[in-house]
Structure formats: structure tokens, C-alpha cells
Amino acid sequence: MKLLARSRNVLVSGPPGTGKTKLLAEVALAFETAFGIAPAGGPPKLNPNGGIPIPPAAGGTDKDIPAPTKTERKVFRTVFHQNSKYRDFVSGITPAVNKVAGAPDFAIVKGTLYRAGEHARMASGAALLIIDEINRGPAVQVFGGAIVAIEPDKRLAPDGSKRAETQYFEMLDPGTGNVVEYALPHDLYILAAMNQADASVEPLDVAFLRRWEPLRLEPDEKALRNFYGLGSKGANALLDAPANVADTLEASVRAWVVVNEQIALGRGPEFQIGHGVLMSDVKPQTMALAEALRTLCVGWAKVRAHVEEVFFGDTRGIAAVLNALDGPAFNPFKLTETTFADDLRFRLEGPSNFNETNIYPALRAFARG
């Protein structure tokens with residue numbers, strides 16, 4: 001929220017499972033309610049018929065809250081993908097659907113950015129535009145001429161007037177169909193998120209990236225230990241077999257830390273896997289041992305799939321992450337060598353799926369414990 005108030009455009013990045021989407025949802029709620037602040041205008045009052053039961057009161061000056069004096073606060077959301085277009089984000093012509101006889105064959109779309117901007121232009125309006133998976137679509141093409149206008153110093157003044165630095169861009173006016181010049185309002189805030197290491201998309205343009213304030217989320221061992229109800233890592237080695245649920249959870253944390261270390265060495269820290277993939281709605285420490293083991297299988301199936309994707313085509317790389325290169329005898333995964341047409345080939349042998357029998361030996365082996 002502080003970054004939004006200061007820079008207006010914030011780009012959250014980090015490996016999968018680090019909580020980016022969860023953060024977007026929490027910021028959206030905080031923005032709509034402005035944390036329920038009670039500024040100079042008096043305490044917020046209950047509005048049972050409104051979209052927000054207790055909206056913020058006007059008159060605040062809290063610099064940590066975007067637009068603290070605005071009471072008409074609204075969040076707009078979109079997700080970029082390969083078919084995202086400028087017309088869907090700003091404005092453009094689209095074929096009319098289910099039109100009546102004699103009606104126009106085409107309509108002008110009010111894009112998400114345009115609708116958010118119009119709301120923020122209201123005297124008491126403030127808008128937060130959330131863009132998830134921003135690098136999964138052609139972001140530069142989708143923003144079009146608005147790419148420069150999003151910069152904080154290129155916006156309109158707080159009172160909506162034009163400044164010397166205000167940057168206008170051309171767009172189709174949804175009301176008239178004419179090409180008009182448009183500038184973004186002062187109290188429009190944009191929060192975007194992306195997985196920087198996603199191999200299926202192209203990296204964002206550097207000129208586009210420098211218009212955002214970066215906020216990077218990292219895999220957090222402390223967050224996972226807190227979720228599991230574990231303390232800090234002890235010096236004791238992992239047991240040959242788990243005596244209780246805490247033993248399995250300790251093995252899970254240690255294995256996850258080492259797997260991420262190996263991924264960072266082999267491909268780079270941005271390709272790590274976040275703590276969120278090993279977290280669920282139900283905390284495993286509340287389960288019986290067998291059930292906790294089955295729950296860990298679900299999360300570790302995702303970790304394994306991530307490793308295989310990151311090191312696709314590199315069998316030795318996968319084996320190195322899973323400690324199958326001269327690893328301990330109890331590791332269910334083994335790297336074997338064979339030949340094909342007189343060429344050396346590597347094969348990773350092991351269980352197709354994790355189960356409550358093999359998951360603990362695998363975690364213990366991954367953790368080098």
C-alpha cells in the first residue's frame with residue numbers, strides 16, 4: 001500500500017507459490033476499505049446497503065493509504081493472456097452481439113483501464129486496477145499509447161486539471177466513436193503480478209518494466225515452518241523412519257530448502273518453487289501420521305512436476321536436484337546409464353507417484369539427511 005501511494009504502479013514478481021495472487025486479494029480489500037481508517041472527517045459509519053459495509057470517511061491525510069481522502073473506492077481486475085488485446089484494455093471496435101434489426105454492426109468496448117480511469121476521475125473516486133499474469137499477454141501492445149501515460153508524473157493533477165507534464169494518448173471515445181486524447185487521473189493505481197521465470201512466455205520489455213516499482217516475493221522457510229507449527233531447524237539428523245507427524249514435516253521443510261538451493265544453482269534463483277505449494281487449507285500437524293503423509297504427497301507432486309519442467313530435457317539436472325546422483329541407498333530415485341545407438345543415455349528411475357510409503361524416504365534423501 002505504501003508503494004502504491006508513492007509510485008502508483010507496482011509490479012509484484014517472484015517464483016510460483018510465494019503468495020503473489022493472495023497478496024493481490026489482500027491489497028484489493030485494504031484499498032476498498034482504506035483499512036477502515038478514521039480520519040479528520042470522523043469515524044467510518046456503517047452502510048448496510050453499500051458495496052463496502054463500512055467505507056472510509058473523508059478528510060484523511062495518511063500517506064501510507066492511496067488516496068486517503070477519497071470515499072468512492074473501487075477495484076478493477078483483469079488477467080492478461082495470449083489473446084488479450086488493446087481494445088479489451090483501453091477501447092476498440094468489436095462486433096455487436098445479439099443486435100436488434102437496424103442497430104450498428106459494431107460496438108466500441110470500454111476497456112478495463114478506461115473504466116478504472118473514468119471511476120478515478122470522479123471527485124471522490126479512487127480506483128485500483130489489478131492485473132494478474134501481466135507477462136502472459138502482449139503487455140506492451142495491450143497498453144499501447146498508455147504505456148507512457150501510466151507514469152506518476154505524466155498523470156493529471158489531483159484536481160483533474162492538465163499539468164505541463166501530463167501525457168495524453170489517442171483512443172476511441174466509447175461515447176462518440178471519435179478519436180480523442182485521453183490522460184490518466186491522479187488517483188488511478190495499478191498493481192500487477194507476474195512469474196518472472198515462466199518459461200512459456202517472453203520477458204517484458206525493459207522500457208515497460210522501468211515504469212513500475214518492483215516488489216519481489218521470495219520463498220520463505222519461516223512462513224512454511226510457521227504453517228507447520230515447527231520451530232527453527234535443529235542440529236539433529238532426520239530419523240530413519242518418522243516417529244510422529246512433526247518428523248515428516250521437518251523432513252518436508254529441509255527437503256524443500258535443499259531442492260530450492262539446487263534449483264538456484266542449476267537454473268537461477270528465479271526458478272525456485274515457493275512455500276505455498278506445500279500449504280493447504282488444513283494444517284497437516286492436526287492429522288494422523290498416515291493422513292499427513294498423504295497430504296505431503298500432494299504438495300510434493302507439484303514440486304516434482306516443477307523440477308521436471310525447469311530441467312526439461314536435462315535428466316542429470318533433475319537427478320541432481322532429487323539427490324539421485326550417487327545419493328543414499330534409501331532414495332527411491334536412481335539415475336542409471338544405458339546406451340542407445342552407441343550413445344550414452346541417462347534414465348531416472350523411481351516411483352511414478354508419491355505415496356505414504358515412499359514419501360518420507362524421498363524427503364529424507366532430498367534433504368541430504
# chains A, B, ... in the order shown; residues from 1 in each chain; ligands from 1
$ select_by_dssp --residues "segment 151-218 of chain A" --states "strand (DSSP E or B)" --output "PyMOL selection string"
chain A and resi 169-172+179-182+188-194+213-216
$ residues_around --residues "segment 163-173 of chain A" --least-positions-apart "6" --cutoff "7 Å" --atoms "only C-alpha atoms" --output "VMD selection string"
chain A and resid 91 to 92 145 to 146 149 153 to 157 179 to 183
$ write_last_selection --atoms "C-alpha atoms" --output "PDB file, in the first residue's frame"
ATOM      1  CA  SER A  91     -11.020   0.802 -26.033  1.00  0.00           C
ATOM      2  CA  GLY A  92     -11.704  -0.502 -29.525  1.00  0.00           C
ATOM      3  CA  GLY A 145      -0.118   4.553 -26.086  1.00  0.00           C
ATOM      4  CA  ALA A 146      -0.985   4.354 -22.381  1.00  0.00           C
ATOM      5  CA  ALA A 149       0.755   7.884 -19.600  1.00  0.00           C
ATOM      6  CA  ASP A 153       4.456  12.389 -13.199  1.00  0.00           C
ATOM      7  CA  LYS A 154       2.596  12.064 -16.514  1.00  0.00           C
ATOM      8  CA  ARG A 155      -0.864  11.903 -14.888  1.00  0.00           C
ATOM      9  CA  LEU A 156      -3.427  14.654 -14.457  1.00  0.00           C
ATOM     10  CA  ALA A 157      -3.192  16.852 -11.371  1.00  0.00           C
ATOM     11  CA  VAL A 179     -10.573   9.596 -31.738  1.00  0.00           C
ATOM     12  CA  VAL A 180      -9.834  11.680 -28.658  1.00  0.00           C
ATOM     13  CA  GLU A 181      -6.849  12.446 -26.466  1.00  0.00           C
ATOM     14  CA  TYR A 182      -7.001  10.865 -23.020  1.00  0.00           C
ATOM     15  CA  ALA A 183      -4.864  11.203 -19.894  1.00  0.00           C
TER      16      ALA A 183
END
$ residues_around --residues "segment 280-283 of chain A" --least-positions-apart "5" --cutoff "10 Å" --atoms "only C-alpha atoms" --output "PDB file with N, CA and C atoms, in the first residue's frame"
ATOM      1  N   PHE A 227       3.570 -22.341   9.348  1.00  0.00           N
ATOM      2  CA  PHE A 227       2.370 -23.053   8.910  1.00  0.00           C
ATOM      3  C   PHE A 227       2.356 -24.473   9.469  1.00  0.00           C
ATOM      4  N   TYR A 228       3.515 -25.114   9.478  1.00  0.00           N
ATOM      5  CA  TYR A 228       3.626 -26.477  10.000  1.00  0.00           C
ATOM      6  C   TYR A 228       3.662 -26.534  11.526  1.00  0.00           C
ATOM      7  N   GLY A 229       3.808 -25.385  12.189  1.00  0.00           N
ATOM      8  CA  GLY A 229       3.915 -25.377  13.634  1.00  0.00           C
ATOM      9  C   GLY A 229       5.261 -25.868  14.127  1.00  0.00           C
ATOM     10  N   ALA A 292      -1.211 -37.274   7.177  1.00  0.00           N
ATOM     11  CA  ALA A 292      -0.250 -36.205   6.930  1.00  0.00           C
ATOM     12  C   ALA A 292       0.703 -36.594   5.795  1.00  0.00           C
ATOM     13  N   THR A 295      -1.051 -36.115   2.579  1.00  0.00           N
ATOM     14  CA  THR A 295      -1.159 -34.698   2.263  1.00  0.00           C
ATOM     15  C   THR A 295       0.143 -34.161   1.696  1.00  0.00           C
ATOM     16  N   LEU A 296       1.267 -34.579   2.259  1.00  0.00           N
ATOM     17  CA  LEU A 296       2.561 -34.157   1.736  1.00  0.00           C
ATOM     18  C   LEU A 296       2.770 -34.648   0.309  1.00  0.00           C
ATOM     19  N   VAL A 298       0.678 -34.719  -2.056  1.00  0.00           N
ATOM     20  CA  VAL A 298       0.035 -33.797  -2.990  1.00  0.00           C
ATOM     21  C   VAL A 298       0.952 -32.619  -3.293  1.00  0.00           C
ATOM     22  N   GLY A 299       1.498 -32.007  -2.244  1.00  0.00           N
ATOM     23  CA  GLY A 299       2.380 -30.861  -2.445  1.00  0.00           C
ATOM     24  C   GLY A 299       3.666 -31.234  -3.151  1.00  0.00           C
TER      25      GLY A 299
END
$ residues_around --residues "Leu24 of chain A" --least-positions-apart "5" --cutoff "10 Å" --atoms "only C-alpha atoms" --output "JSON, numbers by chain"
{"A": [12, 19, 29, 30, 77, 130, 131, 132, 191, 192, 193]}
$ write_last_selection --atoms "N, CA and C atoms" --output "mmCIF file, in the first residue's frame"
data_model
loop_
_atom_site.group_PDB
_atom_site.id
_atom_site.type_symbol
_atom_site.label_atom_id
_atom_site.label_comp_id
_atom_site.auth_asym_id
_atom_site.auth_seq_id
_atom_site.Cartn_x
_atom_site.Cartn_y
_atom_site.Cartn_z
ATOM 1 N N VAL A 12 4.537 -6.853 -8.812
ATOM 2 C CA VAL A 12 4.927 -7.919 -7.893
ATOM 3 C C VAL A 12 5.433 -9.100 -8.703
ATOM 4 N N GLY A 19 2.944 -16.450 -3.002
ATOM 5 C CA GLY A 19 1.827 -15.691 -2.451
ATOM 6 C C GLY A 19 1.444 -14.448 -3.235
ATOM 7 N N LEU A 29 -8.732 -5.694 -0.880
ATOM 8 C CA LEU A 29 -9.610 -5.453 0.263
ATOM 9 C C LEU A 29 -9.149 -4.234 1.058
ATOM 10 N N ALA A 30 -7.839 -4.131 1.260
ATOM 11 C CA ALA A 30 -7.309 -2.990 2.020
ATOM 12 C C ALA A 30 -7.566 -1.680 1.286
ATOM 13 N N ARG A 77 -10.361 -5.573 -12.022
ATOM 14 C CA ARG A 77 -9.459 -6.718 -12.161
ATOM 15 C C ARG A 77 -9.439 -7.239 -13.595
ATOM 16 N N ILE A 130 -6.025 -4.113 -10.901
ATOM 17 C CA ILE A 130 -5.184 -5.276 -10.632
ATOM 18 C C ILE A 130 -5.039 -6.088 -11.910
ATOM 19 N N ILE A 131 -3.799 -6.359 -12.302
ATOM 20 C CA ILE A 131 -3.500 -7.155 -13.499
ATOM 21 C C ILE A 131 -2.685 -8.366 -13.065
ATOM 22 N N ASP A 132 -3.290 -9.527 -13.099
ATOM 23 C CA ASP A 132 -2.561 -10.750 -12.772
ATOM 24 C C ASP A 132 -1.980 -11.347 -14.051
ATOM 25 N N LEU A 191 -1.727 -2.289 -9.910
ATOM 26 C CA LEU A 191 -0.966 -3.338 -9.226
ATOM 27 C C LEU A 191 -0.957 -4.570 -10.113
ATOM 28 N N ALA A 192 0.230 -5.000 -10.527
ATOM 29 C CA ALA A 192 0.360 -6.139 -11.436
ATOM 30 C C ALA A 192 1.230 -7.209 -10.797
ATOM 31 N N ALA A 193 1.086 -8.437 -11.287
ATOM 32 C CA ALA A 193 1.877 -9.555 -10.773
ATOM 33 C C ALA A 193 2.324 -10.425 -11.929
#
$ residues_around --residues "Val97 of chain A" --least-positions-apart "3" --cutoff "10 Å" --atoms "only C-alpha atoms" --output "list of chain:residue names"
A:Thr94, A:Val100, A:Asp105, A:Phe106, A:Ala107
$ closest_residue --among "A:Gln262, A:Thr286, A:Thr33, A:Gln196" --to "Glu72 of chain A" --atoms "only C-alpha atoms"
A:Thr33
$ atom_distance --atom1 "atom CA of Ala329 of chain A" --atom2 "atom CA of Leu289 of chain A"
24.0 Å
$ residues_around --residues "Ala367 of chain A" --least-positions-apart "5" --cutoff "8 Å" --atoms "only C-alpha atoms" --output "list in words"
Ala251, Arg254, Ala255, Trp256, Val257, Val258 and Val259 of chain A
$ select_by_dssp --residues "segment 149-261 of chain A" --states "helix (DSSP H, G or I)" --output "PyMOL selection string"
chain A and resi 149+152-154+206-209+221-228+245-261
$ write_last_selection --atoms "C-alpha atoms" --output "PDB file, in the first residue's frame"
ATOM      1  CA  ALA A 149       0.755   7.884 -19.600  1.00  0.00           C
ATOM      2  CA  PRO A 152       3.050   9.080 -11.968  1.00  0.00           C
ATOM      3  CA  ASP A 153       4.456  12.389 -13.199  1.00  0.00           C
ATOM      4  CA  LYS A 154       2.596  12.064 -16.514  1.00  0.00           C
ATOM      5  CA  VAL A 206      12.796  -3.139 -20.336  1.00  0.00           C
ATOM      6  CA  ALA A 207      11.225   0.224 -21.193  1.00  0.00           C
ATOM      7  CA  PHE A 208       7.915  -1.119 -19.933  1.00  0.00           C
ATOM      8  CA  LEU A 209       9.412  -2.508 -16.715  1.00  0.00           C
ATOM      9  CA  GLU A 221      11.268 -21.036   5.083  1.00  0.00           C
ATOM     10  CA  LYS A 222       9.972 -19.229   8.169  1.00  0.00           C
ATOM     11  CA  ALA A 223       6.475 -18.987   6.650  1.00  0.00           C
ATOM     12  CA  LEU A 224       6.428 -22.731   5.960  1.00  0.00           C
ATOM     13  CA  ARG A 225       7.711 -23.573   9.436  1.00  0.00           C
ATOM     14  CA  ASN A 226       5.053 -21.362  10.988  1.00  0.00           C
ATOM     15  CA  PHE A 227       2.370 -23.053   8.910  1.00  0.00           C
ATOM     16  CA  TYR A 228       3.626 -26.477  10.000  1.00  0.00           C
ATOM     17  CA  VAL A 245       3.872 -36.005  12.186  1.00  0.00           C
ATOM     18  CA  ALA A 246       6.447 -33.401  13.257  1.00  0.00           C
ATOM     19  CA  ASP A 247       9.243 -35.630  11.903  1.00  0.00           C
ATOM     20  CA  THR A 248       7.633 -35.783   8.464  1.00  0.00           C
ATOM     21  CA  LEU A 249       7.023 -32.036   8.399  1.00  0.00           C
ATOM     22  CA  GLU A 250      10.621 -31.322   9.402  1.00  0.00           C
ATOM     23  CA  ALA A 251      11.765 -33.565   6.549  1.00  0.00           C
ATOM     24  CA  SER A 252       9.452 -31.716   4.170  1.00  0.00           C
ATOM     25  CA  VAL A 253      10.875 -28.310   5.107  1.00  0.00           C
ATOM     26  CA  ARG A 254      14.504 -29.418   4.930  1.00  0.00           C
ATOM     27  CA  ALA A 255      13.941 -31.166   1.596  1.00  0.00           C
ATOM     28  CA  TRP A 256      12.196 -28.102   0.137  1.00  0.00           C
ATOM     29  CA  VAL A 257      15.069 -25.828   1.214  1.00  0.00           C
ATOM     30  CA  VAL A 258      17.704 -28.087  -0.370  1.00  0.00           C
ATOM     31  CA  VAL A 259      15.682 -28.587  -3.568  1.00  0.00           C
ATOM     32  CA  ASN A 260      15.447 -24.808  -3.949  1.00  0.00           C
ATOM     33  CA  GLU A 261      19.180 -24.467  -3.347  1.00  0.00           C
TER      34      GLU A 261
END
